[in-house]
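Student: Below is a structure I'd like to ask you about.
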Number of protein chains: 6
Amino acid sequence: MTDKFHQPVDAAQVPRFAGHATFMRLPAVADAEGLDIALVGIPWDGGTTNRAGARHGPREVRNYSSLMRSAHHMFGTEPYKVANIADVGDVAVNPIDLMDGLRLIENGISAIVEKGALPLAVGGDHLTTLPVLRAVAKNGPVGLIHFDAHSDTNDTYFGDNRYTHGTPFRRAIEEGLLDPARMVQIGIRGSVYGSDEHAWALKQGVRIIYMEEFVARGALEVMEEARAIVGGHATYVTFDIDSIDPSMAPGTGTPEIGGFTTREAQQLLRMLDGLNLVGADVVEVAPPFDLNGMTSIVGATVMFELLCILARQIERQKNRIAR
Amino acid sequence: MTDKFHQPVDAAQVPRFAGHATFMRLPAVADAEGLDIALVGIPWDGGTTNRAGARHGPREVRNYSSLMRSAHHMFGTEPYKVANIADVGDVAVNPIDLMDGLRLIENGISAIVEKGALPLAVGGDHLTTLPVLRAVAKNGPVGLIHFDAHSDTNDTYFGDNRYTHGTPFRRAIEEGLLDPARMVQIGIRGSVYGSDEHAWALKQGVRIIYMEEFVARGALEVMEEARAIVGGHATYVTFDIDSIDPSMAPGTGTPEIGGFTTREAQQLLRMLDGLNLVGADVVEVAPPFDLNGMTSIVGATVMFELLCILARQIERQKNRIAR
Amino acid sequence: MTDKFHQPVDAAQVPRFAGHATFMRLPAVADAEGLDIALVGIPWDGGTTNRAGARHGPREVRNYSSLMRSAHHMFGTEPYKVANIADVGDVAVNPIDLMDGLRLIENGISAIVEKGALPLAVGGDHLTTLPVLRAVAKNGPVGLIHFDAHSDTNDTYFGDNRYTHGTPFRRAIEEGLLDPARMVQIGIRGSVYGSDEHAWALKQGVRIIYMEEFVARGALEVMEEARAIVGGHATYVTFDIDSIDPSMAPGTGTPEIGGFTTREAQQLLRMLDGLNLVGADVVEVAPPFDLNGMTSIVGATVMFELLCILARQIERQKNRIAR
Amino acid sequence: MTDKFHQPVDAAQVPRFAGHATFMRLPAVADAEGLDIALVGIPWDGGTTNRAGARHGPREVRNYSSLMRSAHHMFGTEPYKVANIADVGDVAVNPIDLMDGLRLIENGISAIVEKGALPLAVGGDHLTTLPVLRAVAKNGPVGLIHFDAHSDTNDTYFGDNRYTHGTPFRRAIEEGLLDPARMVQIGIRGSVYGSDEHAWALKQGVRIIYMEEFVARGALEVMEEARAIVGGHATYVTFDIDSIDPSMAPGTGTPEIGGFTTREAQQLLRMLDGLNLVGADVVEVAPPFDLNGMTSIVGATVMFELLCILARQIERQKNRIAR
Amino acid sequence: MTDKFHQPVDAAQVPRFAGHATFMRLPAVADAEGLDIALVGIPWDGGTTNRAGARHGPREVRNYSSLMRSAHHMFGTEPYKVANIADVGDVAVNPIDLMDGLRLIENGISAIVEKGALPLAVGGDHLTTLPVLRAVAKNGPVGLIHFDAHSDTNDTYFGDNRYTHGTPFRRAIEEGLLDPARMVQIGIRGSVYGSDEHAWALKQGVRIIYMEEFVARGALEVMEEARAIVGGHATYVTFDIDSIDPSMAPGTGTPEIGGFTTREAQQLLRMLDGLNLVGADVVEVAPPFDLNGMTSIVGATVMFELLCILARQIERQKNRIAR
Amino acid sequence: MTDKFHQPVDAAQVPRFAGHATFMRLPAVADAEGLDIALVGIPWDGGTTNRAGARHGPREVRNYSSLMRSAHHMFGTEPYKVANIADVGDVAVNPIDLMDGLRLIENGISAIVEKGALPLAVGGDHLTTLPVLRAVAKNGPVGLIHFDAHSDTNDTYFGDNRYTHGTPFRRAIEEGLLDPARMVQIGIRGSVYGSDEHAWALKQGVRIIYMEEFVARGALEVMEEARAIVGGHATYVTFDIDSIDPSMAPGTGTPEIGGFTTREAQQLLRMLDGLNLVGADVVEVAPPFDLNGMTSIVGATVMFELLCILARQIERQKNRIAR
């Protein structure tokens with residue numbers, strides 16, 4: 001069935017520095033028609049409260065995704081052989097009107113979902129996940145596995161502003177997009193606004209696993225708990241690049257020391273295998289603060305790990321149908 | 001009268017790298033009470049259509065203004081001996097609500113103007129000049145000397161959004177803050193959206209001096225024309241750092257090659273001497289795109305040149321009163 | 001006729017940081033069929049004797065060409081209204097086999113020429129111009145206007161190696177691709193291997209205008225001479241980014257201080273208008289040595305200037321045919 | 001009692017990029033009067049034998065301390081509610097006279113100690129700790145917990161020069177400021193001048209825990225030993241940023257690979273809780289060698305961890321008095 | 001016997017920033033005559049398929065090797081007291097002719113081997129190890145301990161090109177330079193061209209220890225296996241800097257996240273002690289992609305660790321002879 | 001006579017990135033014996049009042065001097081054919097003892113002068129010129145042509161400290177090393193400590209040509225005046241890299257906008273031809289503040305221009321003797 005699927009440019013024939021920079025060197029297509037997985041950019045950081053720049057994330061993650069090859073060395077999975085995957089470009093955005101930005105992003109992701117493809121998005125700041133959830137949770141609340149340094153469940157900023165990259169998951173719970181009982185946040189750390197900053201989230205039933213607990217228990221044990229929390233129902237995965245240590249991912253707006261190593265991140269991501277995912281994203285890659293593309297390389301690799309997880313899910317589904 | 005005025009820290013006693021980074025190493029004061037000139041930051045880039053980052057401008061211009069000394073080597077002026085000058089801090093801003101941002105900036109500058117001080121502001125993107133003009137032009141339209149690579153007189157962006165850093169001077173003319181017959185734009189260059197991009201501004205009577213005309217005529221002749229255009233009435237000066245060549249001021253959102261050299265900029269600025277200024281600003285210094293502070297050093301030096309012009313104006317006024 | 005032509009993405013609707021990075025935000029097309037001008041990358045630096053990196057040039061010039069708008073502010077030309085222009089991608093290259101690399105590049109450019117389009121190429125190192133000339137000079141030697149810090153007419157390097165970025169124009173003369181009597185090199189400067197380094201070229205009749213002569217005479221006079229040298233016959237234009245001063249274009253392999261300002265470069269380029277060009281290139285943009293994209297911005301702008309010159313030539317030709 | 005204490009600017013109202021860059025966004029005060037803890041800069045690197053630049057440390061640590069929030073997410077401590085803390089500015093220094101520099105630093109810290117405040121200093125190179133110890137150990141030798149890649153107990157450099165950043169702790173022992181039996185150095189590593197480089201320190205009774213021993217035993221066990229060594233008596237804590245791995249803290253003069261991760265550093269620092277501290281410092285942050293503020297962020301976070309430890313000590317003392 | 005050996009410049013007398021930058025501040029000598037160990041540069045990256053720059057590796061590793069001192073803090077070894085070591089300069093190279101480059105490198109290393117010295121080389125890309133093996137394996141195949149992110153046992157690239165930095169160990173096995181049964185590759189990771197990419201190497205008997213296996217088993221256990229594989233026979237050690245995590249060694253052409261920490265690398269390297277080595281190298285340090293010399297510092301330290309291992313081997317041999 | 005002289009490595013045979021980094025790729029020699037011109041480094045910045053780093057200047061100027069070739073393209077001079085020139089290494093320095101540093105530098109330069117060679121030095125901060133003058137002016141005061149942004153004739157700093165990089169020429173006049181009537185300073189600019197900052201120097205008879213005067217009169221006229229001032233007697237040339245514009249030479253401690261272009265600097269330097277020079281230096285190249293070696297390239301080229309001037313002087317002297 002491979003020959004029906006889009007294939008990346010072959011780096012053994014065309015060097016990695018050549019050609020247009022699309023996600024994973026896959027073809028750029030007009031829309032998600034016929035795709036199993038749609039790679040999509042969300043170049044928007046309108047919710048950023050401090051250092052903006054994640055608007056440039058999709059461009060640079062595309063650029064450095066040229067370094068990715070076509071098979072996963074541990075799973076053995078060759079995603080482009082088991083699923084039809086392409087780069088659908090960036091959703092429309094509005095850099096100067098926050099509410100219009102949210103509307104446009106939701107529209108863009110909805111267009112993917114309506115074609116039956118799984119969205120794998122690259123942000124953008126973390127507020128972009130809110131309109132993505134609006135698009136993927138149209139049939140009811142979904143679960144969430146959330147890798148991040150920050151809980152992003154605050155209420156308001158700068159007066160009574162309810163939409164920033166510090167509030168998306170509070171809004172998503174309030175809007176019924178997320179089931180707080182099926183939410184787990186992993187890697188939370190750093191100084192907080194007050195000793196009760198996480199009280200609201202905890203009260204909703206969100207499970208917060210601080211970095212210190214992660215260090216004590218390890219990726220395997222933590223992910224087993226996370227898998228139990230979300231269970232077999234529809235689940236979304238959101239990966240904030242600032243969950244990674246700033247030495248490995250300096251190009252982000254709100255760095256917090258003491259983060260995941262990339263090795264730990266890979267362990268965590270590989271344990272997503274077998275869940276029932278409705279989409280995933282990598283957010284907060286902010287190239288203006290990056291160093292020689294280091295963070296974009298991490299973002300591209302996280303994206304590739306997620307892509308393999310989604311492709312394996314597609315493969316299982318196709319095998320079930322085939323049986 | 002010197003001993004009544006705020007003085008900068010003496011770099012021959014306290015090294016430049018020591019101490020808090022205020023504008024020109026002057027005292028940080030709570031408000032403009034008693035000041036002749038108020039140095040103020042506007043850390044906001046909500047109108048930026050491409051590369052944000054000017055929100056970080058005031059912080060870094062303050063940092064590098066430590067390199068400035070206390071006398072002008074050509075004028076001989078010692079500004080801190082002839083005027084009372086201090087750093088009044090940053091105006092309040094809102095990074096995620098454009099209209100609230102404009103309101104807060106206007107309030108902040110109005111508070112300075114109401115104390116009788118001249119504001120010398122550091123942006124921020126160029127949309128910040130609109131609320132500054134609302135504050136300084138409360139008694140009627142003012143003239144404008146505008147150094148920039150771009151005319152910033154476009155109408156709308158991203159649908160019908162009327163407020164971006166590409167539109168402030170159209171809005172200011174429409175609001176009656178600027179008298180287009182007393183407006184001159186110098187250094188305009190670079191590719192344009194269409195061959196008629198500047199038609200509206202020209203129709204209002206704005207004088208646009210393209211870089212090519214500047215090169216042909218020179219700073220002296222161009223500024224003589226500019227001085228004639230604004231005359232002796234109330235005039236504002238706005239200096240977009242992207243008027244400078246990107247090799248000298250790379251830290252900005254919309255670079256255009258072929259800009260002013262800093263030497264030319266100094267020639268231009270010194271020819272502002274003797275006008276009747278109601279305030280001035282330096283905008284679009286975007287540190288995330290800067291290189292080792294190079295652009296902030298230019299910004300701080302432009303600020304010092306403007307400061308000397310304003311101080312000389314204060315000195316003349318005081319002399320007139322004394323006579 | 002505009003609606004038949006490819007148009008760039010509209011930056012007033014889609015922000016510059018969004019979408020795939022093609023040259024000038026034009027559509028990526030499969031080949032030059034139907035094009036008047038083909039924008040093409042040559043990601044190859046196999047002839048580089050010191051600091052490689054120009055292989056990454058096309059990728060980054062594409063990236064920063066997002067800053068270009070659609071009209072020339074001095075000519076008033078709107079190139080995408082008068083000519084059909086698109087991004088045909090990169091030619092095939094071979095990064096580890098020099099002779100195969102030269103063959104592949106010639107093939108790639110020949111495919112454009114055979115479609116009747118003018119190639120506007122972005123290198124790559126300056127040796128890439130040799131196979132380009134083999135493609136565009138199939139009907140006999142062409143003239144050359146050559147902007148560079150170096151004459152690139154040396155004979156051999158590292159033993160008897162005849163193909164490096166220091167030798168392309170000697171080879172091109174020897175191969176009958178260039179008519180030395182119709183060749184002019186402008187901006188040559190910097191220390192040389194020996195006081196007789198340029199003797200061979202001068203003997204062939206090449207006109208070398210050192211930077212010092214350029215400074216003394218100015219762009220207008222120098223270009224009038226250059227235009228007289230090449231006359232109305234078929235001429236190629238090659239622009240080595242190291243002709244620009246390293247402060248403005250640091251991202252290059254062989255920097256020489258004392259170069260053209262970008263303003264001078266724009267003056268020079270605009271004086272190409274009206275010649276009979278068979279193609280043009282911008283070479284030696286080496287992103288690994290660049291600073292925040294500064295050199296790629298210059299490269300993209302030089303490309304836009306050349307694009308306008310070529311579009312105006314197309315327009316004239318169409319008008320002649322129409323008459 | 002909170003309302004009597006200085007409070008940092010609220011980042012939910014004033015964005016982090018706005019306002020003057022003081023330590024932790026706390027008020028800048030004239031002296032330590034009324035303070036429990038005085039945050040102070042020591043911008044001096046006169047003892048640096050190789051790569052200078054730590055003189056710029058306080059400025060940049062202040063800058064990036066804007067990222068710190070007001071509560072510790074593990075302790076739950078809100079330091080600004082339990083102790084009166086402010087930024088007292090930088091001590092006077094002399095960048096070109098080493099002995100005068102040492103004298104001025106001692107004076108500056110003595111002024112804090114005499115007001116009854118605990119100094120939390122940011123260097124500066126490690127020689128700055130010598131005059132700090134002269135100020136805090138006026139009543140007799142104190143214990144020392146010393147995190148570093150280097151023992152800094154060498155004797156002389158460049159002839160018979162006794163004061164460099166490689167000698168402070170030898171001098172401090174000789175001067176009776178430190179009790180070698182209550183000294184522990186943790187994280188020591190890297191090539192040495194000779195196999196006997198640490199012989200003198202070991203002979204005095206200093207406990208040196210090499211990085212390799214730390215890796216084998218872990219933070220908990222090592223710190224239990226360290227706590228036993230210093231016991232309940234007066235102890236100073238000095239944290240050389242080069243104890244951290246250079247990938248996480250590249251901005252330092254004498255990097256040594258194989259350092260602490262920031263996560264390990266946080267574990268170590270939190271185990272200082274409950275000791276009897278007379279002050280602490282973070283030294284050797286050298287911004288000219290830093291990358292996008294990465295090291296300053298680590299420095300600011302280490303400072304915040306130390307601040308919480310000191311605030312908890314103040315809180316315990318106040319509770320004891322209240323009882 | 002020390003006084004007969006070359007000694008590095010003493011940093012306690014001559015600061016590290018002073019003097020010519022030779023490897024380890026040792027004397028530059030004309031050839032390997034009289035040396036036990038020859039430090040040699042191979043400034044060549046002709047086999048690089050993506051991001052070139054390792055040609056600049058020897059220059060910058062020399063520069064940062066000034067930070068190395070003269071004794072190993074764990075072994076206690078003082079290499080310059082037990083072996084005669086010097087910097088023999090760079091081998092001749094040819095940057096534009098791959099096959100001539102390989103020939104020249106082999107000649108350069110052969111000249112060292114023929115003098116009876118052990119070569120400790122700094123590349124250069126990994127293809128440089130092939131001609132080094134041709135020089136050191138003249139008497140029959142040697143064993144290999146290979147630290148790398150990539151197996152480098154692919155067959156051809158860009159058509160039928162057999163010599164790239166992705167193929168050296170396949171060629172070396174084919175040429176009989178390496179005994180595949182005595183080869184171990186440690187740290188292999190990252191996406192692969194296909195799920196069977198390593199099949200050829202595995203079929204030859206090469207032992208591949210993926211990073212994931214290393215993480216599970218630890219350095220001690222893995223190296224015990226590696227030591228058993230190579231046994232007491234002649235063995236070469238090659239250290240690709242991309243085996244280290246890109247956060248610690250960003251300056252390399254083919255970064256892969258999830259790499260060794262430098263601490264792990266030091267553990268691995270120290271376990272080479274006691275083997276029978278015929279030489280060693282550090283390759284793929286590519287300064288144009290480095291950040292403030294971070295990767296060169298790692299490269300210099302890896303070189304120092306290898307130097308101590310080789311010096312200890314020399315010392316044992318001399319002791320055996322002496323006995 | 002060429003074959004008796006030291007020759008640089010031939011870049012057409014050995015690529016520029018290969019081999020040890022000596023000045024101009026010349027041999028490193030033990031002392032100035034037999035040399036006409038000695039290239040020497042002075043790695044010391046003990047007089048720096050703000051941003052140190054010039055101590056690293058010689059290392060990096062050596063590194064980038066690899067880009068220099070062997071003939072001057074305007075003079076036609078081939079310096080290595082007419083004079084015996086080599087790299088004598090760095091003088092001894094003391095980074096932590098200012099007065100010892102001055103003593104060591106004087107000794108180092110005296111050793112060159114005593115061998116009869118002309119010193120061409122690379123600093124180091126500008127205070128290094130004072131001990132150089134002590135060495136070259138042993139027979140009486142010399143004239144000075146001084147390119148700089150700053151007059152460096154202040155009296156004291158930080159209390160009564162008389163030796164900083166802001167005071168060397170006051171001290172040199174006081175010590176009778178310089179004849180103020182034969183001194184000219186060119187390019188002076190930037191804000192000053194007070195309107196009378198240059199009064200002392202002017203009173204001694206020093207001719208100060210501000211940048212503004214230079215711009216008005218041009219290099220030719222200014223240098224004719226300068227040549228008249230120093231006449232045919234012994235003269236020293238000192239070139240502070242901060243005389244160049246910071247966009248071209250950002251790597252320096254005290255940048256001032258509006259500086260010389262490198263083209264102007266070359267014009268100025270070439271007009272030194274024919275004077276009677278006793279030595280020359282390039283100072284204040286501070287690599288920690290540099291950008292991709294840009295400033296070191298300028299420094300190396302200025303050095304090459306000075307080298308050609310000195311070689312031409314040697315050639316004239318030899319011709320006179322021969323006649």
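In the structure tokens, the first chain shown is A, the next is B, and so on; residue numbers restart at 1 for each chain, and ligands run from 1 in the order shown.
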I'd like a table as a Markdown table: residues in chain C with an atom no more than 7 Å from chain E, each row giving the shortest atom pair and its distance in Å to one decimal, only C-alpha atoms counted, sorted by chain and rising residue number.
Tutor:
| residue | atom | partner | partner_atom | distance |
| --- | --- | --- | --- | --- |
| C:Gly46 | CA | E:Ile96 | CA | 6.5 |
| C:Gly47 | CA | E:Ile96 | CA | 6.2 |
| C:Thr49 | CA | E:Pro95 | CA | 6.2 |
| C:Ala52 | CA | E:Ala52 | CA | 6.5 |
| C:Gly53 | CA | E:Ala52 | CA | 6.8 |
| C:Asn94 | CA | E:Phe158 | CA | 6.2 |
| C:Pro95 | CA | E:Thr49 | CA | 6.2 |
| C:Ile96 | CA | E:Gly47 | CA | 6.2 |
| C:Phe158 | CA | E:Asn94 | CA | 6.2 |
| C:Pro288 | CA | E:Pro288 | CA | 5.7 |
| C:Phe289 | CA | E:Pro288 | CA | 6.6 |
Student: Export C-alpha atoms of the chosen residues as a PDB file, in the first residue's frame?
Tutor:
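part_30.pdb, written as the output of this step:
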ATOM      1  CA  GLY C  46      31.849  21.994  -3.627  1.00  0.00           C
ATOM      2  CA  GLY C  47      34.306  24.510  -5.012  1.00  0.00           C
ATOM      3  CA  THR C  49      38.563  26.479  -0.719  1.00  0.00           C
ATOM      4  CA  ALA C  52      32.027  26.195   3.192  1.00  0.00           C
ATOM      5  CA  GLY C  53      28.365  26.910   3.900  1.00  0.00           C
ATOM      6  CA  ASN C  94      26.039  16.233  -5.365  1.00  0.00           C
ATOM      7  CA  PRO C  95      27.804  17.505  -2.255  1.00  0.00           C
ATOM      8  CA  ILE C  96      30.658  15.027  -2.378  1.00  0.00           C
ATOM      9  CA  PHE C 158      45.799  22.322  -4.160  1.00  0.00           C
ATOM     10  CA  PRO C 288      26.544  29.231   8.939  1.00  0.00           C
ATOM     11  CA  PHE C 289      28.639  32.408   9.084  1.00  0.00           C
TER      12      PHE C 289
END
Student: Residues within 7 Å of segment 113-129 of chain D, please, as a PyMOL selection string. Count only C-alpha atoms; anything in the same chain fewer than 2 positions from it doesn't count.
Tutor: chain D and resi 32-33+35-45+47-48+54-55+57-58+109-111+131-133+136+164-165+168+278-284
Student: In Å, with one decimal, what is the gap from atom CA of Ala216 of chain E to atom CA of Ala216 of chain A?
Tutor: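 It comes out at 16.7 Å.
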Student: Can you pull out the residues contacting Phe169 of chain B? Cut-off 10 Å, using only C-alpha atoms, and skip same-chain residues under 5 positions away; I want them as a ChimeraX atom specification.
Tutor: /B:126-127,129-130,133,144,146,151-155,174-175,177-178,180,183,201
Student: Grab the residues selected above and save them as a CSV table (one decimal), in the first residue's frame with N, CA, C and O atoms.
Tutor:
chain,number,residue,atom,x,y,z
B,126,HIS,N,6.0,51.0,16.4
B,126,HIS,CA,5.7,52.3,16.0
B,126,HIS,C,4.2,52.7,16.3
B,126,HIS,O,3.8,53.8,16.3
B,127,LEU,N,3.4,51.6,16.5
B,127,LEU,CA,2.0,52.0,16.9
B,127,LEU,C,2.0,52.7,18.2
B,127,LEU,O,1.0,53.5,18.5
B,129,THR,N,3.5,55.3,19.0
B,129,THR,CA,3.5,56.7,18.8
B,129,THR,C,2.1,57.3,18.7
B,129,THR,O,1.9,58.5,19.0
B,130,LEU,N,1.1,56.5,18.2
B,130,LEU,CA,-0.3,57.0,18.1
B,130,LEU,C,-0.8,57.4,19.5
B,130,LEU,O,-1.2,58.6,19.6
B,133,LEU,N,0.9,60.6,20.6
B,133,LEU,CA,0.4,61.8,19.9
B,133,LEU,C,-0.9,62.2,20.5
B,133,LEU,O,-1.2,63.4,20.7
B,144,LEU,N,5.2,66.9,12.4
B,144,LEU,CA,5.9,65.7,12.6
B,144,LEU,C,7.1,65.6,11.7
B,144,LEU,O,7.0,65.8,10.5
B,146,HIS,N,9.6,62.7,10.8
B,146,HIS,CA,9.5,61.3,11.0
B,146,HIS,C,10.6,60.6,10.2
B,146,HIS,O,10.7,60.6,9.0
B,151,SER,N,6.5,54.4,5.5
B,151,SER,CA,5.6,55.5,5.7
B,151,SER,C,4.6,55.3,6.8
B,151,SER,O,4.2,56.2,7.5
B,152,ASP,N,4.3,54.1,7.1
B,152,ASP,CA,3.4,53.7,8.2
B,152,ASP,C,2.0,54.4,8.1
B,152,ASP,O,1.4,54.8,9.1
B,153,THR,N,1.6,54.6,6.8
B,153,THR,CA,0.3,55.3,6.6
B,153,THR,C,-0.7,54.3,5.8
B,153,THR,O,-1.5,54.8,5.1
B,154,ASN,N,-0.5,53.0,6.0
B,154,ASN,CA,-1.4,52.1,5.4
B,154,ASN,C,-2.7,52.2,6.2
B,154,ASN,O,-2.8,52.8,7.2
B,155,ASP,N,-3.7,51.5,5.6
B,155,ASP,CA,-5.1,51.6,6.2
B,155,ASP,C,-5.4,50.4,7.1
B,155,ASP,O,-5.6,50.6,8.3
B,174,GLU,N,-6.2,61.1,10.6
B,174,GLU,CA,-7.7,61.0,10.7
B,174,GLU,C,-8.2,61.6,12.0
B,174,GLU,O,-9.3,62.1,12.1
B,175,GLU,N,-7.5,61.3,13.1
B,175,GLU,CA,-7.9,61.8,14.4
B,175,GLU,C,-7.6,63.3,14.7
B,175,GLU,O,-7.9,63.8,15.8
B,177,LEU,N,-4.7,64.6,15.0
B,177,LEU,CA,-3.5,64.8,15.9
B,177,LEU,C,-2.3,65.4,15.2
B,177,LEU,O,-1.5,66.0,15.8
B,178,LEU,N,-2.3,65.1,13.9
B,178,LEU,CA,-1.2,65.6,13.1
B,178,LEU,C,-1.7,66.5,12.0
B,178,LEU,O,-2.8,66.2,11.4
B,180,PRO,N,-1.2,67.2,8.4
B,180,PRO,CA,-0.4,66.6,7.3
B,180,PRO,C,0.5,67.6,6.5
B,180,PRO,O,1.5,67.2,5.9
B,183,MET,N,4.0,67.7,8.0
B,183,MET,CA,4.6,66.3,8.2
B,183,MET,C,5.6,66.1,7.1
B,183,MET,O,5.4,66.2,5.9
B,201,ALA,N,-1.1,59.1,1.6
B,201,ALA,CA,-0.3,60.1,2.4
B,201,ALA,C,0.0,61.3,1.5
B,201,ALA,O,-0.1,62.5,2.0
Student: One decimal, in Å: what's the spacing between atom CA of Tyr193 of chain C and atom CA of Met303 of chain F?
Tutor: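 So the two atoms, atom CA of Tyr193 of chain C and atom CA of Met303 of chain F, lie 17.0 Å apart.
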Student: Just to confirm, what's the straight-line distance from atom CA of Ser296 of chain E to atom CA of Val61 of chain E in Å (one decimal)?
Tutor: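 Computing the Euclidean distance for atom CA of Ser296 of chain E and atom CA of Val61 of chain E yields 4.9 Å.
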Student: Within 7 Å of Glu315 of chain E, counting only C-alpha atoms, which residues show up once you throw out same-chain ones fewer than 4 positions away? Write them as number ranges by chain, please.
Tutor: E: 82-83, 311, 319
Student: List every residue of segment 56-298 of chain D that DSSP, applied to the backbone, labels as strand (DSSP E), and write the result as a PyMOL selection string.
Tutor: chain D and resi 85-90+118-123+142-147+178-188+207-210+235-240+277-283
Student: Running DSSP on the backbone, which parts of segment 130-225 of chain E land in alpha helix (DSSP H), as a PyMOL selection string?
Tutor: chain E and resi 130-136+168-174+199-204+211-217+219-225
Student: Those same residues - C-alpha atoms - I'd like them written as a short mmCIF file (atom, residue, chain, number, x, y, z; two decimals), in the first residue's frame.
Tutor:
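For reference, selection.cif as written:
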data_model
loop_
_atom_site.label_atom_id
_atom_site.label_comp_id
_atom_site.auth_asym_id
_atom_site.auth_seq_id
_atom_site.Cartn_x
_atom_site.Cartn_y
_atom_site.Cartn_z
CA LEU E 130 39.12 5.66 7.13
CA PRO E 131 42.56 6.88 5.96
CA VAL E 132 43.72 6.91 9.58
CA LEU E 133 42.78 3.22 9.82
CA ARG E 134 44.64 2.57 6.57
CA ALA E 135 47.71 4.00 8.29
CA VAL E 136 47.40 2.26 11.64
CA PRO E 168 33.76 4.78 6.63
CA PHE E 169 33.33 1.67 8.74
CA ARG E 170 31.73 -0.32 5.92
CA ARG E 171 34.67 0.56 3.71
CA ALA E 172 37.14 -0.21 6.51
CA ILE E 173 35.63 -3.66 7.02
CA GLU E 174 35.62 -4.30 3.28
CA ALA E 199 21.41 -5.05 9.05
CA TRP E 200 24.68 -5.15 7.10
CA ALA E 201 26.79 -4.18 10.08
CA LEU E 202 25.04 -6.61 12.37
CA LYS E 203 25.54 -9.36 9.79
CA GLN E 204 29.30 -8.72 9.79
CA MET E 211 21.63 4.56 23.45
CA GLU E 212 18.56 2.97 24.99
CA GLU E 213 20.55 -0.11 25.94
CA PHE E 214 23.31 2.08 27.33
CA VAL E 215 20.79 3.95 29.48
CA ALA E 216 19.39 0.69 30.81
CA ARG E 217 22.76 -0.91 31.59
CA ALA E 219 28.62 2.85 31.41
CA LEU E 220 30.38 0.31 33.59
CA GLU E 221 28.54 -2.72 32.28
CA VAL E 222 28.57 -1.58 28.68
CA MET E 223 32.29 -0.92 28.74
CA GLU E 224 33.02 -4.26 30.33
CA GLU E 225 31.33 -5.85 27.36
#
Student: Which residues, written as a PyMOL selection string, have at least one atom at most 8 Å from Gly143 of chain E, with only C-alpha atoms counted and residues fewer than 4 positions away on the same chain left out?
Tutor: chain E and resi 178-183+230+233-236
